[in-house]
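**Student:** Okay, handing you the structure first.
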Amino acid sequence: MRILLPALACLLAAPCMAQRAAPLRVDTVREGAARVQLVRVDLRSAEVRMLWKDPSGAPFRSPAAVERWARGAGLRLLAVSNAGIFDKDRTPTGLHVERGRTLDPLNTRAGTGNFYLQPNAVFAILRDGTARIVRTERAGTLRGRMREATQSGPALVLGGRIHEKFSPPPGGTPLNRTAVAVCGPREVVLAHTVDGTGITLYELARVLRDRAGCPDALFLDGNDTAMLHVGGGAPEGGAEFVGFIGVFAR
């Protein structure tokens with residue numbers, strides 16, 4: 001009797017079905033005193049959507065509401081995080097695109113706070129299914145090609161370079177934070193501090209570049225409005241959110 005390794009058996013069998021990649025891979029890494037959850041998303045077997053309001057026009061506000069809507073729509077929610085920074089009037093501070101519809105425009109104004117720490121950037125899923133993070137001033141080159149997008153700031157890493165204004169430890173303030181990164185055209189990573197630990201912007205950038213292998217990364221938000229939930233049973237209550245990044249099974 002011959003015993004074939006799976007890969008060899010696949011090569012010899014005719015026909016042979018290609019193995020489908022897992023939609024998510026979840027890891028937790030340490031960076032200094034911080035513990036960071038990394039959710040790696042394969043866009044070949046998972047779909048990323050931006051979410052702000054349900055079909056009736058009511059804001060979702062909580063990850064539990066997103067999960068209830070998804071269940072009613074026949075979708076399986078794999079993970080959900082906050083999207084980019086939002087304003088006191090409960091609207092996104094910058095660009096927000098859902099299924100090709102621009103619900104809030106690109107923000108090129110100057111201001112104070114994390115969002116306006118230049119360069120800020122746009123995370124986008126294009127109509128061809130690939131992911132990009134681009135500086136805000138270059139986002140116009142993707143006009144008409146974005147299927148989903150959220151704008152935030154600052155950009156943590158662009159082209160493999162960490163933001164020049166970030167200070168290595170002991171500089172910076174460790175806080176609860178979330179971020180999104182693009183590691184390849186069809187590979188996205190969502191990141192969030194866990195177990196009550198905090199991380200500086202420099203450390204978060206370094207985790208995404210050096211540990212996750214992502215040349216481009218964007219800060220999403222911090223403190224109470226930073227959240228990443230994986231699997232079912234999304235939490236109800238707590239802080240209210242505006243935009244979400246939802247990951248769904250294909």
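Chain labels run A, B, ... following the order of the structure tokens; each chain numbers its residues from 1, and ligands are numbered from 1 in the order shown.
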Give me the range 40-104 of chain A side of the contact with range 175-196 of chain A, cut-off 12 Å, one line per residue showing its nearest atom pair and distance in Å at one decimal, counting only C-alpha atoms, sorted by chain and residue number, as JSON lines.
**Tutor:**
```
{"residue": "A:Arg40", "atom": "CA", "partner": "A:Val189", "partner_atom": "CA", "distance": 4.4}
{"residue": "A:Val41", "atom": "CA", "partner": "A:Val188", "partner_atom": "CA", "distance": 5.1}
{"residue": "A:Asp42", "atom": "CA", "partner": "A:Glu187", "partner_atom": "CA", "distance": 5.1}
{"residue": "A:Leu43", "atom": "CA", "partner": "A:Arg186", "partner_atom": "CA", "distance": 4.9}
{"residue": "A:Arg44", "atom": "CA", "partner": "A:Arg186", "partner_atom": "CA", "distance": 6.7}
{"residue": "A:Ser45", "atom": "CA", "partner": "A:Arg186", "partner_atom": "CA", "distance": 9.7}
{"residue": "A:Ala46", "atom": "CA", "partner": "A:Arg186", "partner_atom": "CA", "distance": 9.8}
{"residue": "A:Glu47", "atom": "CA", "partner": "A:Arg186", "partner_atom": "CA", "distance": 10.3}
{"residue": "A:Val48", "atom": "CA", "partner": "A:Val188", "partner_atom": "CA", "distance": 9.2}
{"residue": "A:Ala79", "atom": "CA", "partner": "A:Leu190", "partner_atom": "CA", "distance": 9.3}
{"residue": "A:Val80", "atom": "CA", "partner": "A:Leu190", "partner_atom": "CA", "distance": 9.2}
{"residue": "A:Ser81", "atom": "CA", "partner": "A:Leu190", "partner_atom": "CA", "distance": 7.8}
{"residue": "A:Asn82", "atom": "CA", "partner": "A:Thr178", "partner_atom": "CA", "distance": 7.7}
{"residue": "A:Ala83", "atom": "CA", "partner": "A:Ala179", "partner_atom": "CA", "distance": 8.8}
{"residue": "A:Gly84", "atom": "CA", "partner": "A:Ala179", "partner_atom": "CA", "distance": 8.9}
{"residue": "A:Ile85", "atom": "CA", "partner": "A:Thr178", "partner_atom": "CA", "distance": 10.6}
```
**Student:** Kindly save the residues from that selection, with all heavy atoms included, as a compact mmCIF listing (two decimals), in the first residue's frame.
**Tutor:**
```txt
# COMPACT_ATOMS: atom_id res chain seq x y z
N ARG A 40 -5.03 38.34 11.05
CA ARG A 40 -4.59 38.36 9.66
C ARG A 40 -5.74 37.88 8.78
O ARG A 40 -6.25 36.77 8.96
CB ARG A 40 -3.35 37.48 9.48
CG ARG A 40 -2.61 37.69 8.17
CD ARG A 40 -1.32 36.88 8.16
NE ARG A 40 -0.39 37.33 9.17
CZ ARG A 40 0.53 38.27 8.99
NH1 ARG A 40 0.62 38.87 7.80
NH2 ARG A 40 1.35 38.59 9.96
N VAL A 41 -6.14 38.69 7.82
CA VAL A 41 -7.31 38.43 6.97
C VAL A 41 -6.85 38.12 5.55
O VAL A 41 -6.13 38.92 4.94
CB VAL A 41 -8.26 39.65 6.95
CG1 VAL A 41 -9.48 39.36 6.10
CG2 VAL A 41 -8.65 40.05 8.37
N ASP A 42 -7.28 36.96 5.04
CA ASP A 42 -7.00 36.58 3.66
C ASP A 42 -8.19 37.01 2.81
O ASP A 42 -9.29 36.46 2.93
CB ASP A 42 -6.79 35.06 3.57
CG ASP A 42 -6.28 34.62 2.21
OD1 ASP A 42 -6.71 35.20 1.19
OD2 ASP A 42 -5.47 33.69 2.15
N LEU A 43 -7.99 37.99 1.95
CA LEU A 43 -9.09 38.54 1.17
C LEU A 43 -9.58 37.61 0.07
O LEU A 43 -10.59 37.88 -0.58
CB LEU A 43 -8.68 39.88 0.56
CG LEU A 43 -8.38 40.99 1.56
CD1 LEU A 43 -7.93 42.26 0.85
CD2 LEU A 43 -9.59 41.29 2.44
N ARG A 44 -8.89 36.50 -0.13
CA ARG A 44 -9.38 35.51 -1.09
C ARG A 44 -10.52 34.70 -0.51
O ARG A 44 -11.35 34.15 -1.27
CB ARG A 44 -8.23 34.58 -1.52
CG ARG A 44 -7.12 35.27 -2.28
CD ARG A 44 -5.91 34.38 -2.42
NE ARG A 44 -5.35 34.05 -1.11
CZ ARG A 44 -4.29 33.26 -0.94
NH1 ARG A 44 -3.70 32.71 -1.99
NH2 ARG A 44 -3.83 33.01 0.28
N SER A 45 -10.60 34.61 0.81
CA SER A 45 -11.65 33.81 1.45
C SER A 45 -12.45 34.59 2.48
O SER A 45 -13.29 34.02 3.17
CB SER A 45 -11.05 32.56 2.09
OG SER A 45 -9.95 32.89 2.91
N ALA A 46 -12.18 35.88 2.61
CA ALA A 46 -12.95 36.75 3.51
C ALA A 46 -13.20 38.08 2.81
O ALA A 46 -12.42 38.51 1.95
CB ALA A 46 -12.20 36.97 4.82
N GLU A 47 -14.28 38.73 3.19
CA GLU A 47 -14.65 40.02 2.62
C GLU A 47 -14.60 41.08 3.72
O GLU A 47 -15.11 40.86 4.82
CB GLU A 47 -16.05 39.97 2.02
CG GLU A 47 -16.51 41.29 1.42
CD GLU A 47 -17.94 41.26 0.93
OE1 GLU A 47 -18.63 40.22 1.13
OE2 GLU A 47 -18.39 42.27 0.36
N VAL A 48 -13.99 42.22 3.42
CA VAL A 48 -13.92 43.34 4.36
C VAL A 48 -14.91 44.40 3.92
O VAL A 48 -14.91 44.82 2.75
CB VAL A 48 -12.50 43.92 4.43
CG1 VAL A 48 -12.48 45.23 5.21
CG2 VAL A 48 -11.53 42.92 5.07
N ALA A 79 -15.00 38.90 12.29
CA ALA A 79 -14.30 39.85 13.16
C ALA A 79 -14.85 41.24 12.88
O ALA A 79 -15.34 41.53 11.78
CB ALA A 79 -12.79 39.82 12.92
N VAL A 80 -14.76 42.10 13.89
CA VAL A 80 -15.21 43.48 13.73
C VAL A 80 -14.33 44.38 14.58
O VAL A 80 -13.97 44.04 15.70
CB VAL A 80 -16.71 43.63 14.10
CG1 VAL A 80 -16.97 43.21 15.54
CG2 VAL A 80 -17.20 45.04 13.85
N SER A 81 -13.94 45.53 14.02
CA SER A 81 -13.18 46.53 14.76
C SER A 81 -13.79 47.89 14.49
O SER A 81 -14.62 48.06 13.58
CB SER A 81 -11.70 46.52 14.34
OG SER A 81 -11.50 47.27 13.15
N ASN A 82 -13.38 48.87 15.28
CA ASN A 82 -13.75 50.24 14.94
C ASN A 82 -13.06 50.63 13.65
O ASN A 82 -11.99 50.13 13.30
CB ASN A 82 -13.34 51.20 16.06
CG ASN A 82 -11.84 51.15 16.35
OD1 ASN A 82 -11.36 50.20 16.97
ND2 ASN A 82 -11.10 52.16 15.91
N ALA A 83 -13.67 51.55 12.92
CA ALA A 83 -13.04 52.13 11.73
C ALA A 83 -12.25 53.36 12.17
O ALA A 83 -11.74 53.42 13.29
CB ALA A 83 -14.09 52.44 10.67
N GLY A 84 -12.14 54.37 11.30
CA GLY A 84 -11.33 55.54 11.61
C GLY A 84 -11.94 56.45 12.66
O GLY A 84 -13.07 56.25 13.13
N ILE A 85 -11.20 57.45 13.02
CA ILE A 85 -11.59 58.44 14.05
C ILE A 85 -12.87 59.16 13.61
O ILE A 85 -13.08 59.42 12.43
CB ILE A 85 -10.44 59.42 14.29
CG1 ILE A 85 -9.25 58.68 14.93
CG2 ILE A 85 -10.86 60.61 15.16
CD1 ILE A 85 -7.97 59.48 14.98
```
**Student:** Can you list, as a ChimeraX atom specification, every protein, DNA or RNA residue that comes within 8 Å of His96 in chain A when you count only C-alpha atoms, leaving out same-chain residues fewer than 6 positions away?
**Tutor:** /A:50,102-106,148-151
**Student:** Determine, counting only C-alpha atoms, which protein, DNA and RNA residues have an atom within 10 Å of an atom of Arg99 in chain A; residues of the same chain fewer than 4 positions away are not included. Present the result as a PyMOL selection string.
**Tutor:** chain A and resi 49-51+125-127+146-149
**Student:** With N, CA, C and O atoms retained, could you export that selection as a PDB file, in the first residue's frame?
**Tutor:**
```pdb
ATOM      1  N   ARG A  49     -15.756  44.840   4.850  1.00  0.00           N
ATOM      2  CA  ARG A  49     -16.735  45.900   4.573  1.00  0.00           C
ATOM      3  C   ARG A  49     -16.642  46.993   5.624  1.00  0.00           C
ATOM      4  O   ARG A  49     -16.407  46.712   6.800  1.00  0.00           O
ATOM      5  N   MET A  50     -16.864  48.229   5.205  1.00  0.00           N
ATOM      6  CA  MET A  50     -17.064  49.328   6.142  1.00  0.00           C
ATOM      7  C   MET A  50     -18.553  49.397   6.479  1.00  0.00           C
ATOM      8  O   MET A  50     -19.412  49.174   5.620  1.00  0.00           O
ATOM      9  N   LEU A  51     -18.843  49.724   7.728  1.00  0.00           N
ATOM     10  CA  LEU A  51     -20.228  49.761   8.197  1.00  0.00           C
ATOM     11  C   LEU A  51     -20.419  50.981   9.094  1.00  0.00           C
ATOM     12  O   LEU A  51     -19.610  51.220   9.986  1.00  0.00           O
ATOM     13  N   ILE A 125     -10.360  49.019   0.261  1.00  0.00           N
ATOM     14  CA  ILE A 125     -10.516  47.790  -0.497  1.00  0.00           C
ATOM     15  C   ILE A 125     -11.003  48.209  -1.877  1.00  0.00           C
ATOM     16  O   ILE A 125     -12.042  48.865  -2.004  1.00  0.00           O
ATOM     17  N   LEU A 126     -10.254  47.861  -2.899  1.00  0.00           N
ATOM     18  CA  LEU A 126     -10.595  48.286  -4.255  1.00  0.00           C
ATOM     19  C   LEU A 126     -11.589  47.324  -4.895  1.00  0.00           C
ATOM     20  O   LEU A 126     -11.830  46.222  -4.406  1.00  0.00           O
ATOM     21  N   ARG A 127     -12.147  47.760  -6.002  1.00  0.00           N
ATOM     22  CA  ARG A 127     -13.159  46.960  -6.691  1.00  0.00           C
ATOM     23  C   ARG A 127     -12.598  45.641  -7.205  1.00  0.00           C
ATOM     24  O   ARG A 127     -13.348  44.689  -7.441  1.00  0.00           O
ATOM     25  N   MET A 146     -12.465  52.603  -5.395  1.00  0.00           N
ATOM     26  CA  MET A 146     -12.667  52.144  -4.013  1.00  0.00           C
ATOM     27  C   MET A 146     -14.037  51.496  -3.852  1.00  0.00           C
ATOM     28  O   MET A 146     -15.053  52.078  -4.190  1.00  0.00           O
ATOM     29  N   ARG A 147     -14.032  50.284  -3.283  1.00  0.00           N
ATOM     30  CA  ARG A 147     -15.288  49.648  -2.901  1.00  0.00           C
ATOM     31  C   ARG A 147     -15.607  49.930  -1.450  1.00  0.00           C
ATOM     32  O   ARG A 147     -16.762  50.144  -1.072  1.00  0.00           O
ATOM     33  N   GLU A 148     -14.575  49.913  -0.592  1.00  0.00           N
ATOM     34  CA  GLU A 148     -14.713  50.209   0.833  1.00  0.00           C
ATOM     35  C   GLU A 148     -13.535  51.092   1.223  1.00  0.00           C
ATOM     36  O   GLU A 148     -12.422  50.892   0.723  1.00  0.00           O
ATOM     37  N   ALA A 149     -13.750  52.050   2.135  1.00  0.00           N
ATOM     38  CA  ALA A 149     -12.623  52.888   2.562  1.00  0.00           C
ATOM     39  C   ALA A 149     -12.927  53.582   3.870  1.00  0.00           C
ATOM     40  O   ALA A 149     -14.076  53.916   4.179  1.00  0.00           O
TER      41      ALA A 149
END
```
**Student:** Rank A:Gly57, A:Pro63, A:Gly198, A:Gly74 by their smallest atom-to-atom distance to His229 in chain A, using only C-alpha atoms, and report the top residue only.
**Tutor:**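 Of all the options, A:Pro63 lies closest to His229 in chain A.
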**Student:** Would you tabulate, counting only C-alpha atoms, all residues of range 67-176 of chain A that have an atom at most 10 Å from an atom of range 202-221 of chain A, showing the closest pair of atoms and their distance in Å to one decimal, sorted by chain then ascending number, as JSON lines?
**Tutor:**
```
{"residue": "A:Ser81", "atom": "CA", "partner": "A:Leu220", "partner_atom": "CA", "distance": 9.2}
{"residue": "A:Asn82", "atom": "CA", "partner": "A:Leu220", "partner_atom": "CA", "distance": 7.2}
{"residue": "A:Ala83", "atom": "CA", "partner": "A:Leu220", "partner_atom": "CA", "distance": 6.0}
{"residue": "A:Gly84", "atom": "CA", "partner": "A:Leu220", "partner_atom": "CA", "distance": 4.7}
{"residue": "A:Ile85", "atom": "CA", "partner": "A:Asp221", "partner_atom": "CA", "distance": 5.7}
{"residue": "A:Phe86", "atom": "CA", "partner": "A:Asp221", "partner_atom": "CA", "distance": 8.9}
{"residue": "A:Asn114", "atom": "CA", "partner": "A:Asp221", "partner_atom": "CA", "distance": 8.5}
{"residue": "A:Phe115", "atom": "CA", "partner": "A:Phe219", "partner_atom": "CA", "distance": 8.6}
{"residue": "A:Asn120", "atom": "CA", "partner": "A:Leu218", "partner_atom": "CA", "distance": 7.9}
{"residue": "A:Ala121", "atom": "CA", "partner": "A:Leu218", "partner_atom": "CA", "distance": 6.9}
{"residue": "A:Val122", "atom": "CA", "partner": "A:Leu218", "partner_atom": "CA", "distance": 7.9}
{"residue": "A:Phe123", "atom": "CA", "partner": "A:Leu218", "partner_atom": "CA", "distance": 7.3}
{"residue": "A:Arg132", "atom": "CA", "partner": "A:Asp216", "partner_atom": "CA", "distance": 8.3}
{"residue": "A:Ile133", "atom": "CA", "partner": "A:Asp216", "partner_atom": "CA", "distance": 6.3}
{"residue": "A:Val134", "atom": "CA", "partner": "A:Asp216", "partner_atom": "CA", "distance": 8.4}
{"residue": "A:Arg135", "atom": "CA", "partner": "A:Leu218", "partner_atom": "CA", "distance": 9.8}
{"residue": "A:Thr150", "atom": "CA", "partner": "A:Leu220", "partner_atom": "CA", "distance": 9.0}
{"residue": "A:Gln151", "atom": "CA", "partner": "A:Leu220", "partner_atom": "CA", "distance": 8.5}
{"residue": "A:Ser152", "atom": "CA", "partner": "A:Leu220", "partner_atom": "CA", "distance": 5.9}
{"residue": "A:Gly153", "atom": "CA", "partner": "A:Phe219", "partner_atom": "CA", "distance": 5.6}
{"residue": "A:Pro154", "atom": "CA", "partner": "A:Phe219", "partner_atom": "CA", "distance": 5.8}
{"residue": "A:Ala155", "atom": "CA", "partner": "A:Leu218", "partner_atom": "CA", "distance": 4.5}
{"residue": "A:Leu156", "atom": "CA", "partner": "A:Leu218", "partner_atom": "CA", "distance": 5.1}
{"residue": "A:Val157", "atom": "CA", "partner": "A:Asp216", "partner_atom": "CA", "distance": 4.9}
{"residue": "A:Leu158", "atom": "CA", "partner": "A:Asp216", "partner_atom": "CA", "distance": 4.6}
{"residue": "A:Gly159", "atom": "CA", "partner": "A:Pro215", "partner_atom": "CA", "distance": 5.2}
{"residue": "A:Gly160", "atom": "CA", "partner": "A:Pro215", "partner_atom": "CA", "distance": 4.2}
{"residue": "A:Arg161", "atom": "CA", "partner": "A:Pro215", "partner_atom": "CA", "distance": 7.5}
{"residue": "A:Ile162", "atom": "CA", "partner": "A:Ala205", "partner_atom": "CA", "distance": 6.3}
{"residue": "A:His163", "atom": "CA", "partner": "A:Tyr202", "partner_atom": "CA", "distance": 7.8}
{"residue": "A:Glu164", "atom": "CA", "partner": "A:Tyr202", "partner_atom": "CA", "distance": 9.4}
{"residue": "A:Lys165", "atom": "CA", "partner": "A:Tyr202", "partner_atom": "CA", "distance": 8.9}
{"residue": "A:Phe166", "atom": "CA", "partner": "A:Tyr202", "partner_atom": "CA", "distance": 5.3}
{"residue": "A:Ser167", "atom": "CA", "partner": "A:Tyr202", "partner_atom": "CA", "distance": 6.1}
{"residue": "A:Pro168", "atom": "CA", "partner": "A:Tyr202", "partner_atom": "CA", "distance": 5.9}
{"residue": "A:Pro169", "atom": "CA", "partner": "A:Glu203", "partner_atom": "CA", "distance": 7.9}
{"residue": "A:Gly171", "atom": "CA", "partner": "A:Tyr202", "partner_atom": "CA", "distance": 8.7}
{"residue": "A:Gly172", "atom": "CA", "partner": "A:Tyr202", "partner_atom": "CA", "distance": 7.5}
{"residue": "A:Thr173", "atom": "CA", "partner": "A:Tyr202", "partner_atom": "CA", "distance": 9.6}
{"residue": "A:Pro174", "atom": "CA", "partner": "A:Glu203", "partner_atom": "CA", "distance": 8.9}
{"residue": "A:Asn176", "atom": "CA", "partner": "A:Asp221", "partner_atom": "CA", "distance": 8.6}
```
**Student:** Could you work out how far CA of Phe60 in chain A lies from CA of Glu236 in chain A, giving the answer in Å with one decimal?
**Tutor:**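 That distance, rounded to one decimal, is 11.1 Å.
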**Student:** Could you tell me, as JSON, numbers by chain, which residues of range 43-210 of chain A DSSP assigns to strand (DSSP E or B) when given the backbone?
**Tutor:** {"A": [46, 47, 48, 49, 50, 51, 53, 59, 77, 78, 79, 80, 81, 82, 86, 92, 96, 97, 98, 101, 102, 103, 104, 121, 122, 123, 124, 125, 126, 131, 132, 133, 134, 135, 146, 147, 148, 149, 150, 151, 152, 155, 156, 157, 158, 161, 162, 175, 177, 178, 179, 180, 181, 182, 183, 184, 187, 188, 189, 190, 191, 192, 193, 199]}
**Student:** What's around Ala65 in chain A at 10 Å? Count only C-alpha atoms, leave out sequence neighbours fewer than 5 positions away in its own chain, and write the answer as a tab-separated table (two decimals) with N, CA, C and O atoms, in the first residue's frame.
**Tutor:**
```tsv
chain	number	residue	atom	x	y	z
A	54	ASP	N	-27.32	50.89	9.36
A	54	ASP	CA	-28.02	49.73	8.81
A	54	ASP	C	-28.90	50.17	7.63
A	54	ASP	O	-28.99	51.36	7.32
A	59	PRO	N	-27.69	54.30	12.83
A	59	PRO	CA	-26.30	53.93	13.11
A	59	PRO	C	-26.22	52.62	13.90
A	59	PRO	O	-27.04	52.36	14.79
A	60	PHE	N	-25.22	51.80	13.60
A	60	PHE	CA	-25.05	50.55	14.32
A	60	PHE	C	-24.67	50.79	15.78
A	60	PHE	O	-25.20	50.17	16.69
A	70	ALA	N	-25.81	41.31	10.56
A	70	ALA	CA	-25.17	40.34	9.69
A	70	ALA	C	-25.93	39.02	9.71
A	70	ALA	O	-26.17	38.40	8.66
A	71	ARG	N	-26.34	38.59	10.89
A	71	ARG	CA	-27.07	37.33	11.01
A	71	ARG	C	-28.38	37.41	10.23
A	71	ARG	O	-28.75	36.47	9.51
A	234	ALA	N	-20.47	39.21	19.87
A	234	ALA	CA	-19.92	40.56	19.95
A	234	ALA	C	-20.53	41.31	21.13
A	234	ALA	O	-21.73	41.16	21.42
A	235	PRO	N	-19.75	42.13	21.83
A	235	PRO	CA	-20.24	42.77	23.05
A	235	PRO	C	-21.28	43.86	22.80
A	235	PRO	O	-21.22	44.57	21.81
A	236	GLU	N	-22.22	43.95	23.73
A	236	GLU	CA	-23.24	45.01	23.72
A	236	GLU	C	-22.84	46.03	24.77
A	236	GLU	O	-22.12	45.74	25.72
A	237	GLY	N	-23.31	47.26	24.63
A	237	GLY	CA	-23.05	48.28	25.63
A	237	GLY	C	-21.63	48.81	25.54
A	237	GLY	O	-20.89	48.55	24.59
```
**Student:** Using Å and a single decimal, report how far CA of Val230 in chain A sits from CA of Lys88 in chain A.
**Tutor:** 27.3 Å
**Student:** With a distance cut-off of 6 Å and only C-alpha atoms, select the neighbouring residues of Ala34 in chain A, excluding the residue or stretch itself and same-chain residues fewer than 4 positions from it, and output the selection as a list in words.
**Tutor:** Arg30, Thr197, Gly198 and Ile199 of chain A
**Student:** Rounded to one decimal, what separation in Å do you get between CA of Asp128 in chain A and CA of Glu98 in chain A?
**Tutor:**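 Taking CA of Asp128 in chain A as the start and CA of Glu98 in chain A as the end point, the length is 14.7 Å.
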